[in-house]
Amino acid sequence: MSAAGHPREVVIVGASLAGLRAAATLRAEGFGGHLTLVGAEQYTPYDRPPLSKKFLTAADPAETRLPVPDDLRARWLLGRAAVRLDPYSRIVTLADGTRLPYDGLLIATGAAARSGAVPGEPGPGQGVFTLRDRDDAVALRAALAAGRRLLVVGAGFLGGEIAAAGRALGLDVTLVEAGAVPLERAVGAEAGAFVGMLHREAGIDLRTGTTVTAFRTGPDGALTGARLADGRTVAADVAVLALGAVPATGWLAGSGIEATGGVPCDNRLRALFPDGTAVPGVVAAGDAARVPQPLAGGDAPPPGHWSGAVEQGTAAARTLLLGEAAPVFEEVPSFWSDFHGVRLRSVGLPGLADTVKVHECDRDARRLEVSYHLGGRLVGALTIGRTSRLAAYRRVLAEPTP
Amino acid sequence: MQITVDLDLCESHGSCVFAAPGIFSFDDDDYLLYEPAPDDGLRGAAEKAAASCPVRAITVAAAP
């Protein structure tokens, strides 16, 4: 840090939404030093939510690249993953050996698709996909265009959207979910059952309470289907594993930060060592960060949502500039999902609830309004086709917790 | 201050209603309503609404 306490050399590891918002905030709020953005992918920042929606179904998918402010004055190191952090000598090392000294560092490396070890999985390019980044989406889009039968493993938000995209493209779709209904842990049995109903109405063969135990391949090595734990088989020429995401923090191994479940942060997004002391000059944001959630009464796993990347990227940049004088980060999480022409919108942390209240459930109009409570206190809300009802819940959620 | 919203892009996420309830609201069918020429005192809220819109449908400009 300089005498004034402001950093002169800021490195942002992760050139996606959180990293870009942080960079823009740094410049907008007067940071005049050197700014370096490091990206494992070769692309300048792009938007991920469309990758499981319009990008798969539109005849001519719109550009998903995010606008970069003209005055960012940043050095971009793209297609070069960070592989090591030394927080004592304050150096980030990249895969090609480049060493980047910093006095301010933002960790915004996002998350990676959780892999499922399913026996019999064919080799790369033989029909089984995950979806996280742009290259994944390009490959899946091509496979869906050529495919006839799609198997999606995991009926979470991503799996549900991919299954819906497959239906929109006219494929036969089987959606396999280990739980009794889709999304039960995330949004409860009531909303999960409603989503399951929407999937079935759209013509998806939803198989709940079972898992894929083995993939099957033909003589040419390409996927032909899968066997399920309930003994049945599913024919498929395209399969997607949508089993959730894990923070992409493996590169921090050996740094002294215990980041397996996301980089632990304080309420100004400063990264913490296991003993609770701040890592000097280091902040984290987005899916790679494990930030305090007042609604949860402490920290919580990263919910992994677009708005979290935006708000945390902005807040982390302010902490780099202002330190202790930066505002405390208080965000009401929110997320959305679009499938079968309905708009699911949510605020708060529905997964915390011990009580779920259904205020409207209209299957014909495809409208749902649900609130979530823990110990009598509101912790979240979810609507389908009723975004107009969410603002009132969000106001309550934004009030300071007792 | 002048607000424009590209309603072809709007997907009713609600972020603008959360950030600037003095400018943005929904009708009962989730169609976005907004005040195109709000008071300059709402500038900060308007800019937060624009920044938080997932589909970048909102533009904030000085009054013509």
# chains A, B, ... in the order shown; residues from 1 in each chain; ligands from 1

$ interface_residues --of "chain B" --to "chain A" --cutoff "9 Å" --atoms "only C-alpha atoms" --output "short mmCIF file (atom, residue, chain, number, x, y, z; two decimals) with N, CA and C atoms, in the first residue's frame"
data_model
loop_
_atom_site.label_atom_id
_atom_site.label_comp_id
_atom_site.auth_asym_id
_atom_site.auth_seq_id
_atom_site.Cartn_x
_atom_site.Cartn_y
_atom_site.Cartn_z
N GLU B 11 -37.10 -8.69 -18.56
CA GLU B 11 -37.58 -10.02 -18.21
C GLU B 11 -38.21 -10.04 -16.83
N SER B 12 -38.61 -8.87 -16.34
CA SER B 12 -39.28 -8.77 -15.03
C SER B 12 -38.46 -9.41 -13.91
N HIS B 13 -37.18 -9.07 -13.85
CA HIS B 13 -36.36 -9.58 -12.75
C HIS B 13 -36.68 -8.88 -11.45
N GLY B 14 -37.03 -7.60 -11.53
CA GLY B 14 -37.42 -6.87 -10.33
C GLY B 14 -36.28 -6.14 -9.65
N SER B 15 -35.05 -6.30 -10.15
CA SER B 15 -33.91 -5.64 -9.47
C SER B 15 -34.11 -4.13 -9.40
N VAL B 17 -36.94 -2.51 -9.28
CA VAL B 17 -37.98 -2.20 -8.30
C VAL B 17 -37.40 -2.27 -6.88
N PHE B 18 -36.48 -3.22 -6.68
CA PHE B 18 -35.82 -3.31 -5.36
C PHE B 18 -34.93 -2.09 -5.13
N PRO B 21 -37.54 1.92 -5.80
CA PRO B 21 -39.00 1.77 -5.80
C PRO B 21 -39.74 3.08 -6.08
N SER B 25 -41.98 0.10 -10.81
CA SER B 25 -42.94 -0.79 -10.14
C SER B 25 -43.49 -1.77 -11.18
N PHE B 26 -44.21 -2.77 -10.69
CA PHE B 26 -44.88 -3.71 -11.60
C PHE B 26 -46.38 -3.55 -11.50
N ASP B 27 -47.06 -3.81 -12.61
CA ASP B 27 -48.51 -3.97 -12.47
C ASP B 27 -48.77 -5.43 -12.07
N ASP B 28 -50.01 -5.80 -11.96
CA ASP B 28 -50.36 -7.10 -11.42
C ASP B 28 -49.96 -8.24 -12.36
N ASP B 29 -49.67 -7.91 -13.61
CA ASP B 29 -49.24 -8.94 -14.56
C ASP B 29 -47.74 -8.91 -14.80
N ASP B 30 -46.99 -8.28 -13.88
CA ASP B 30 -45.53 -8.23 -13.93
C ASP B 30 -45.00 -7.40 -15.09
N TYR B 31 -45.82 -6.51 -15.64
CA TYR B 31 -45.29 -5.58 -16.63
C TYR B 31 -44.69 -4.38 -15.91
N ALA B 51 -27.49 -0.57 -12.90
CA ALA B 51 -26.34 -1.47 -12.72
C ALA B 51 -26.78 -2.87 -12.30
N SER B 52 -27.93 -2.97 -11.64
CA SER B 52 -28.35 -4.28 -11.14
C SER B 52 -29.28 -5.00 -12.10
N CYS B 53 -29.60 -4.38 -13.23
CA CYS B 53 -30.51 -5.04 -14.20
C CYS B 53 -29.75 -6.14 -14.94
N PRO B 54 -30.17 -7.39 -14.81
CA PRO B 54 -29.43 -8.49 -15.44
C PRO B 54 -29.43 -8.44 -16.96
#

$ select_by_dssp --residues "range 200-349 of chain A" --states "alpha helix (DSSP H)" --output "list in words"
Arg200, Glu201, Trp306, Ser307, Gly308, Ala309, Val310, Glu311, Gln312, Gly313, Thr314, Ala315, Ala316, Ala317, Arg318, Thr319, Leu320, Leu321 and Leu322 of chain A

$ residues_around --residues "Ala164 in chain A" --least-positions-apart "5" --cutoff "9 Å" --atoms "only C-alpha atoms" --output "list in words"
Lys53, Gly159, Leu169, Val173, His199, Ala202, Ile204, Phe339 and His340 of chain A

$ closest_residue --among "B:Ala57, B:Cys10, B:Val5, B:Ala62" --to "Arg43 in chain B" --atoms "only C-alpha atoms"
B:Ala62

$ residues_around --residues "Gly79 in chain A" --least-positions-apart "3" --cutoff "7 Å" --atoms "only C-alpha atoms" --output "list in words"
Gly39, Ala40, Glu41 and Gln42 of chain A

$ write_last_selection --atoms "C-alpha atoms" --output "PDB file, in the first residue's frame"
ATOM      1  CA  GLY A  39      -8.824 -14.960 -16.860  1.00  0.00           C
ATOM      2  CA  ALA A  40      -8.491 -18.733 -17.246  1.00  0.00           C
ATOM      3  CA  GLU A  41     -10.695 -18.552 -20.326  1.00  0.00           C
ATOM      4  CA  GLN A  42      -9.623 -16.867 -23.545  1.00  0.00           C
TER       5      GLN A  42
END

$ closest_residue --among "B:Cys16, B:Met1, B:Ile58, B:Ile23" --to "Asp40 in chain B" --atoms "only C-alpha atoms"
B:Met1

$ residues_around --residues "Glu47 in chain B" --least-positions-apart "6" --cutoff "9 Å" --atoms "only C-alpha atoms" --output "number ranges by chain"
B: 19-20, 58-60
